[in-house]
Amino acid sequence: MNRNIRKFISIAFALLLFIPTFAQLPEKIMAAAAECGFKVSGIEALEIGERLEDLYSDKYKLFIEQPIDHTNPSLGTFKQKVILFHVDYANPMLLITEGYTSNGAHPRYSNELSTLFETNIIEVEHRYFGESIPFMQDDPSITPETLNWDYMTARNEAADLHRVNQLFKKIYDGKWIATGISKGGQTAMFYTTYYPEDIDISVPYVGPLCKGQEDGRHEPFLAKFVGTPQDREILYNFQVEFLKRRETIRPMFEELSKKENHTYKIPMDAVYDYCVLEFPFAFWQWGYTTDIVPDPAKATDKEMFDFLVKTSGPDYFAEGGSSAPFFVQAAKELGYYGYDTKPFKGLLTIKDSEGYLTEIFVPQGQTFKFDKYLYKDIKKFLKKTDSKMMFIYGEFDPWSAVMPEAPVKNEQLKKKGKGRQTMHLFVDPKGSHRARIFTLPDEERAEAVNILRTWLEE
């Protein structure tokens, strides 16, 4: 062979070894899928936002074909959306267990754990959300009212995540962390429960563990625990005054609903009632402070209305929202919260709020019987597991009323090598549903980061 040709081939081969990651990663994914016997499609490069380019070198959207029912593959498949953020093949992998529609395509999307520990990310859209809806992908005429919801289950979603894990473990060598926020935190819990060997660490944020469609623990939490007695009185007085002004404020509800094309499954007066009942839950969930609540003795109708809409507006109770899949799963197995109507006797148009989840939120004409299997499975697992888990909650977040039981933190037991060494609970003082590691007080934040770093280095 001509010396120049050999030299050219040698140089070309050397250059191939240094092809940037973005040219190799799609091929690695497809090769891993073939090895697993999975179908992957639609691999598409996505934009990485400013200030994230130093962390992530590549970002892709792709679809993984999943069984509609993992226990009965003959029912067919659907395509589940996945977003991959690449740092390095040897770095840890953060599996974000979305409880909802994927947001990972946004250029500025990131995660505090990924930033802290320079992890890769796989964000998995929950089945029945966004672009990952079984049946609808093949038949666009199907609506939420006619969709078959039988396969919207925690066990199926955990199995979806397991397949994602098995695929990308063919490519990435680092440790795996499962994490999620709110419903995503629930998902992290049940994924860890059903597939503990898939991951090394689990960090659920503000994830509730409910035992019924209307669990019953949120109402006393709001009535007796959150804030101070004065804070709770301020909110109660606002609610009472708002109900008393129904005749003058109700037209504002009608005007807003018309302007924003909101329709409801219940009468407008009932919408009015539910917005007032929802007010304290939403107020504490999102971390408001009572110094901004309008004084009922001085506030105009418009000021009262604007503040309630900002906190717990009627759009939450409107038909056609994107959260229908969540409410279906809440009714079936995740559970939700109720309202205490007794303090407002004589001021409400509704008799009580029992069954409101199905009446207002579940797609019309469908009812679901709640099954406690998931609550029991997770509770049993958390009681016995040695899995490395860290829970993050906000002290005043109403969802903290149904957090899992706190792990044992008895120093004497630890010294004897007993007690729970692998489970940790951090509660952000006066914190809300926005509680994260970075919102914790300095000492607790440093402790949490150190625990996670130690686990990753083991």
# chains A, B, ... in the order shown; residues from 1 in each chain; ligands from 1

$ residues_around --residues "Val206 of chain A" --least-positions-apart "2" --cutoff "8 Å" --atoms "only C-alpha atoms" --output "mmCIF file with N, CA and C atoms, in the first residue's frame"
data_model
loop_
_atom_site.group_PDB
_atom_site.id
_atom_site.type_symbol
_atom_site.label_atom_id
_atom_site.label_comp_id
_atom_site.auth_asym_id
_atom_site.auth_seq_id
_atom_site.Cartn_x
_atom_site.Cartn_y
_atom_site.Cartn_z
ATOM 1 N N ILE A 181 -39.871 15.317 42.257
ATOM 2 C CA ILE A 181 -40.487 16.339 43.103
ATOM 3 C C ILE A 181 -41.996 16.143 43.121
ATOM 4 N N SER A 182 -42.591 16.177 44.311
ATOM 5 C CA SER A 182 -44.043 16.069 44.489
ATOM 6 C C SER A 182 -44.527 14.714 43.963
ATOM 7 N N GLY A 185 -41.757 12.759 43.316
ATOM 8 C CA GLY A 185 -41.201 12.181 44.537
ATOM 9 C C GLY A 185 -41.899 10.892 44.913
ATOM 10 N N PRO A 204 -36.307 11.425 47.142
ATOM 11 C CA PRO A 204 -37.640 11.982 46.861
ATOM 12 C C PRO A 204 -37.809 13.344 47.552
ATOM 13 N N PRO A 208 -45.767 12.967 48.827
ATOM 14 C CA PRO A 208 -46.771 12.473 49.777
ATOM 15 C C PRO A 208 -46.942 10.966 49.694
ATOM 16 N N PHE A 391 -35.000 11.965 52.230
ATOM 17 C CA PHE A 391 -36.285 12.622 52.024
ATOM 18 C C PHE A 391 -36.154 14.108 52.373
ATOM 19 N N ILE A 392 -36.710 14.954 51.509
ATOM 20 C CA ILE A 392 -36.682 16.402 51.718
ATOM 21 C C ILE A 392 -38.125 16.905 51.776
ATOM 22 N N TYR A 393 -38.481 17.634 52.861
ATOM 23 C CA TYR A 393 -39.838 18.178 53.008
ATOM 24 C C TYR A 393 -39.783 19.604 53.542
ATOM 25 N N GLY A 394 -40.887 20.328 53.355
ATOM 26 C CA GLY A 394 -41.063 21.653 53.932
ATOM 27 C C GLY A 394 -41.963 21.551 55.154
ATOM 28 N N TRP A 399 -48.473 18.904 52.245
ATOM 29 C CA TRP A 399 -48.153 17.525 51.864
ATOM 30 C C TRP A 399 -47.252 16.845 52.892
ATOM 31 N N SER A 400 -46.629 17.636 53.761
ATOM 32 C CA SER A 400 -45.821 17.034 54.826
ATOM 33 C C SER A 400 -46.687 16.320 55.861
ATOM 34 N N MET A 403 -46.140 12.704 54.899
ATOM 35 C CA MET A 403 -44.798 12.203 54.593
ATOM 36 C C MET A 403 -44.618 10.823 55.224
ATOM 37 N N HIS A 433 -43.742 23.623 49.642
ATOM 38 C CA HIS A 433 -43.581 22.580 48.624
ATOM 39 C C HIS A 433 -42.356 22.846 47.765
ATOM 40 N N ALA A 435 -39.423 23.202 49.027
ATOM 41 C CA ALA A 435 -38.271 22.792 49.822
ATOM 42 C C ALA A 435 -37.305 21.962 48.974
#

$ select_by_dssp --residues "segment 289-408 of chain A" --states "strand (DSSP E)" --output "list in words"
Lys388, Met389, Met390, Phe391, Ile392, Tyr393 and Gly394 of chain A

$ write_last_selection --atoms "N, CA and C atoms" --output "mmCIF file, in the first residue's frame"
data_model
loop_
_atom_site.group_PDB
_atom_site.id
_atom_site.type_symbol
_atom_site.label_atom_id
_atom_site.label_comp_id
_atom_site.auth_asym_id
_atom_site.auth_seq_id
_atom_site.Cartn_x
_atom_site.Cartn_y
_atom_site.Cartn_z
ATOM 1 N N LYS A 388 -30.354 3.253 50.337
ATOM 2 C CA LYS A 388 -29.911 4.593 50.695
ATOM 3 C C LYS A 388 -30.934 5.608 50.182
ATOM 4 N N MET A 389 -31.667 6.232 51.110
ATOM 5 C CA MET A 389 -32.741 7.158 50.740
ATOM 6 C C MET A 389 -32.651 8.432 51.571
ATOM 7 N N MET A 390 -32.894 9.561 50.909
ATOM 8 C CA MET A 390 -32.925 10.848 51.585
ATOM 9 C C MET A 390 -34.225 11.554 51.211
ATOM 10 N N PHE A 391 -35.000 11.965 52.230
ATOM 11 C CA PHE A 391 -36.285 12.622 52.024
ATOM 12 C C PHE A 391 -36.154 14.108 52.373
ATOM 13 N N ILE A 392 -36.710 14.954 51.509
ATOM 14 C CA ILE A 392 -36.682 16.402 51.718
ATOM 15 C C ILE A 392 -38.125 16.905 51.776
ATOM 16 N N TYR A 393 -38.481 17.634 52.861
ATOM 17 C CA TYR A 393 -39.838 18.178 53.008
ATOM 18 C C TYR A 393 -39.783 19.604 53.542
ATOM 19 N N GLY A 394 -40.887 20.328 53.355
ATOM 20 C CA GLY A 394 -41.063 21.653 53.932
ATOM 21 C C GLY A 394 -41.963 21.551 55.154
#

$ closest_residue --among "A:Leu440, A:Val226, A:Leu116, A:Ala318" --to "Gly287 of chain A" --atoms "only C-alpha atoms"
A:Val226

$ residues_around --residues "segment 333-348 of chain A" --least-positions-apart "3" --cutoff "7 Å" --atoms "only C-alpha atoms" --output "PyMOL selection string"
chain A and resi 210-216+218-219+243-244+273+277+329-330+352-353+370-372+374

$ write_last_selection --atoms "C-alpha atoms" --output "short mmCIF file (atom, residue, chain, number, x, y, z; two decimals), in the first residue's frame"
data_model
loop_
_atom_site.label_atom_id
_atom_site.label_comp_id
_atom_site.auth_asym_id
_atom_site.auth_seq_id
_atom_site.Cartn_x
_atom_site.Cartn_y
_atom_site.Cartn_z
CA CYS A 210 -51.55 9.01 51.04
CA LYS A 211 -53.82 6.20 52.17
CA GLY A 212 -57.13 7.31 50.64
CA GLN A 213 -58.77 9.47 48.00
CA GLU A 214 -59.33 11.98 50.79
CA ASP A 215 -56.60 10.98 53.21
CA GLY A 216 -57.88 12.88 56.26
CA HIS A 218 -54.22 17.30 55.77
CA GLU A 219 -57.19 19.07 57.36
CA LEU A 243 -67.82 33.98 51.49
CA LYS A 244 -69.84 36.84 52.95
CA ASP A 273 -66.89 27.65 47.53
CA LEU A 277 -61.76 25.96 50.74
CA GLN A 329 -54.11 8.17 39.38
CA ALA A 330 -54.87 10.07 42.60
CA ASP A 352 -70.01 19.04 51.98
CA SER A 353 -66.95 18.29 49.85
CA PHE A 370 -59.23 3.60 45.52
CA ASP A 371 -56.78 0.73 46.12
CA LYS A 372 -54.43 1.01 49.13
CA LEU A 374 -49.37 1.22 46.83
#

$ select_by_dssp --residues "segment 11-134 of chain A" --states "alpha helix (DSSP H)" --output "count of residues only"
29

$ residues_around --residues "Asp88 of chain A" --least-positions-apart "6" --cutoff "10 Å" --atoms "only C-alpha atoms" --output "ChimeraX atom specification"
/A:21,55-58,118-120,172-174

$ residues_around --residues "segment 360-369 of chain A" --least-positions-apart "3" --cutoff "7 Å" --atoms "only C-alpha atoms" --output "list in words"
Pro144, Glu145, Lys265, Ile266, Phe317, Ala324, Phe327, Val328, Ala331, Lys332, Tyr356 and Leu357 of chain A

$ write_last_selection --atoms "N, CA and C atoms" --output "mmCIF file, in the first residue's frame"
data_model
loop_
_atom_site.group_PDB
_atom_site.id
_atom_site.type_symbol
_atom_site.label_atom_id
_atom_site.label_comp_id
_atom_site.auth_asym_id
_atom_site.auth_seq_id
_atom_site.Cartn_x
_atom_site.Cartn_y
_atom_site.Cartn_z
ATOM 1 N N PRO A 144 -59.657 12.294 26.776
ATOM 2 C CA PRO A 144 -59.540 11.838 28.166
ATOM 3 C C PRO A 144 -60.800 11.158 28.681
ATOM 4 N N GLU A 145 -61.963 11.562 28.143
ATOM 5 C CA GLU A 145 -63.221 10.955 28.576
ATOM 6 C C GLU A 145 -63.378 9.530 28.074
ATOM 7 N N LYS A 265 -67.495 21.542 35.745
ATOM 8 C CA LYS A 265 -68.459 20.456 35.891
ATOM 9 C C LYS A 265 -69.444 20.729 37.016
ATOM 10 N N ILE A 266 -69.215 21.811 37.751
ATOM 11 C CA ILE A 266 -70.055 22.163 38.896
ATOM 12 C C ILE A 266 -70.545 23.591 38.723
ATOM 13 N N PHE A 317 -60.036 24.516 39.104
ATOM 14 C CA PHE A 317 -61.229 23.663 39.090
ATOM 15 C C PHE A 317 -61.883 23.583 37.709
ATOM 16 N N ALA A 324 -55.407 16.039 34.175
ATOM 17 C CA ALA A 324 -56.383 14.947 34.283
ATOM 18 C C ALA A 324 -55.735 13.599 34.596
ATOM 19 N N PHE A 327 -55.090 13.328 38.337
ATOM 20 C CA PHE A 327 -56.283 13.136 39.161
ATOM 21 C C PHE A 327 -56.839 11.724 39.026
ATOM 22 N N VAL A 328 -56.708 11.135 37.836
ATOM 23 C CA VAL A 328 -57.118 9.738 37.670
ATOM 24 C C VAL A 328 -56.281 8.846 38.579
ATOM 25 N N ALA A 331 -57.131 9.289 42.214
ATOM 26 C CA ALA A 331 -58.368 8.598 42.575
ATOM 27 C C ALA A 331 -58.174 7.091 42.666
ATOM 28 N N LYS A 332 -57.265 6.554 41.855
ATOM 29 C CA LYS A 332 -57.066 5.108 41.804
ATOM 30 C C LYS A 332 -56.144 4.585 42.900
ATOM 31 N N TYR A 356 -65.319 15.130 46.060
ATOM 32 C CA TYR A 356 -65.090 16.222 45.102
ATOM 33 C C TYR A 356 -64.062 15.859 44.036
ATOM 34 N N LEU A 357 -63.109 14.977 44.370
ATOM 35 C CA LEU A 357 -62.071 14.616 43.406
ATOM 36 C C LEU A 357 -62.694 14.029 42.143
#

$ closest_residue --among "A:Ile133, A:Val203, A:Ala297, A:Leu167" --to "Leu94 of chain A" --atoms "only C-alpha atoms"
A:Val203

$ closest_residue --among "A:Met268, A:Val240, A:Ile292, A:Leu52" --to "Asn111 of chain A" --atoms "only C-alpha atoms"
A:Leu52

$ decode --residues "segment 263-334 of chain A" --atoms "C-alpha atoms" --output "CSV table (one decimal), in the first residue's frame"
chain,number,residue,atom,x,y,z
A,263,THR,CA,-65.9,25.8,32.0
A,264,TYR,CA,-66.7,23.7,35.0
A,265,LYS,CA,-68.5,20.5,35.9
A,266,ILE,CA,-70.1,22.2,38.9
A,267,PRO,CA,-72.1,25.4,39.3
A,268,MET,CA,-70.3,28.7,39.6
A,269,ASP,CA,-71.4,29.1,43.3
A,270,ALA,CA,-69.7,25.7,44.0
A,271,VAL,CA,-66.6,26.9,42.2
A,272,TYR,CA,-66.6,29.9,44.5
A,273,ASP,CA,-66.9,27.7,47.5
A,274,TYR,CA,-64.1,25.4,46.5
A,275,CYS,CA,-61.7,28.3,45.7
A,276,VAL,CA,-62.2,29.5,49.3
A,277,LEU,CA,-61.8,26.0,50.7
A,278,GLU,CA,-58.6,25.5,48.7
A,279,PHE,CA,-57.2,28.8,49.8
A,280,PRO,CA,-55.2,27.8,53.0
A,281,PHE,CA,-53.9,24.6,51.3
A,282,ALA,CA,-52.5,26.5,48.4
A,283,PHE,CA,-51.3,29.4,50.6
A,284,TRP,CA,-49.1,27.2,52.7
A,285,GLN,CA,-48.1,24.9,49.9
A,286,TRP,CA,-46.5,27.7,47.9
A,287,GLY,CA,-44.9,29.4,50.9
A,288,TYR,CA,-46.8,32.7,51.2
A,289,THR,CA,-46.7,34.7,54.4
A,290,THR,CA,-49.7,36.3,56.1
A,291,ASP,CA,-48.3,39.8,56.0
A,292,ILE,CA,-49.5,40.0,52.4
A,293,VAL,CA,-53.1,38.9,53.0
A,294,PRO,CA,-55.5,41.7,52.5
A,295,ASP,CA,-57.2,42.9,55.7
A,296,PRO,CA,-60.9,42.1,55.3
A,297,ALA,CA,-61.9,45.2,57.3
A,298,LYS,CA,-60.2,47.5,54.8
A,299,ALA,CA,-59.8,45.6,51.5
A,300,THR,CA,-62.0,46.2,48.5
A,301,ASP,CA,-63.8,43.4,46.7
A,302,LYS,CA,-61.3,43.7,43.9
A,303,GLU,CA,-58.3,43.4,46.3
A,304,MET,CA,-59.9,40.4,47.9
A,305,PHE,CA,-60.7,38.8,44.5
A,306,ASP,CA,-57.2,39.4,43.1
A,307,PHE,CA,-55.4,37.9,46.1
A,308,LEU,CA,-57.6,34.8,46.1
A,309,VAL,CA,-57.1,34.3,42.3
A,310,LYS,CA,-53.4,34.7,42.8
A,311,THR,CA,-53.4,32.0,45.5
A,312,SER,CA,-56.2,29.5,44.6
A,313,GLY,CA,-58.0,30.7,41.5
A,314,PRO,CA,-60.9,29.1,39.6
A,315,ASP,CA,-58.7,27.8,36.8
A,316,TYR,CA,-57.6,25.0,39.2
A,317,PHE,CA,-61.2,23.7,39.1
A,318,ALA,CA,-61.8,24.2,35.4
A,319,GLU,CA,-62.4,21.4,32.8
A,320,GLY,CA,-59.9,20.3,30.2
A,321,GLY,CA,-56.6,20.9,32.2
A,322,SER,CA,-53.5,18.9,31.5
A,323,SER,CA,-53.6,17.4,35.0
A,324,ALA,CA,-56.4,14.9,34.3
A,325,PRO,CA,-54.0,12.0,34.3
A,326,PHE,CA,-52.8,13.0,37.8
A,327,PHE,CA,-56.3,13.1,39.2
A,328,VAL,CA,-57.1,9.7,37.7
A,329,GLN,CA,-54.1,8.2,39.4
A,330,ALA,CA,-54.9,10.1,42.6
A,331,ALA,CA,-58.4,8.6,42.6
A,332,LYS,CA,-57.1,5.1,41.8
A,333,GLU,CA,-54.0,4.7,44.0
A,334,LEU,CA,-52.0,7.8,44.9
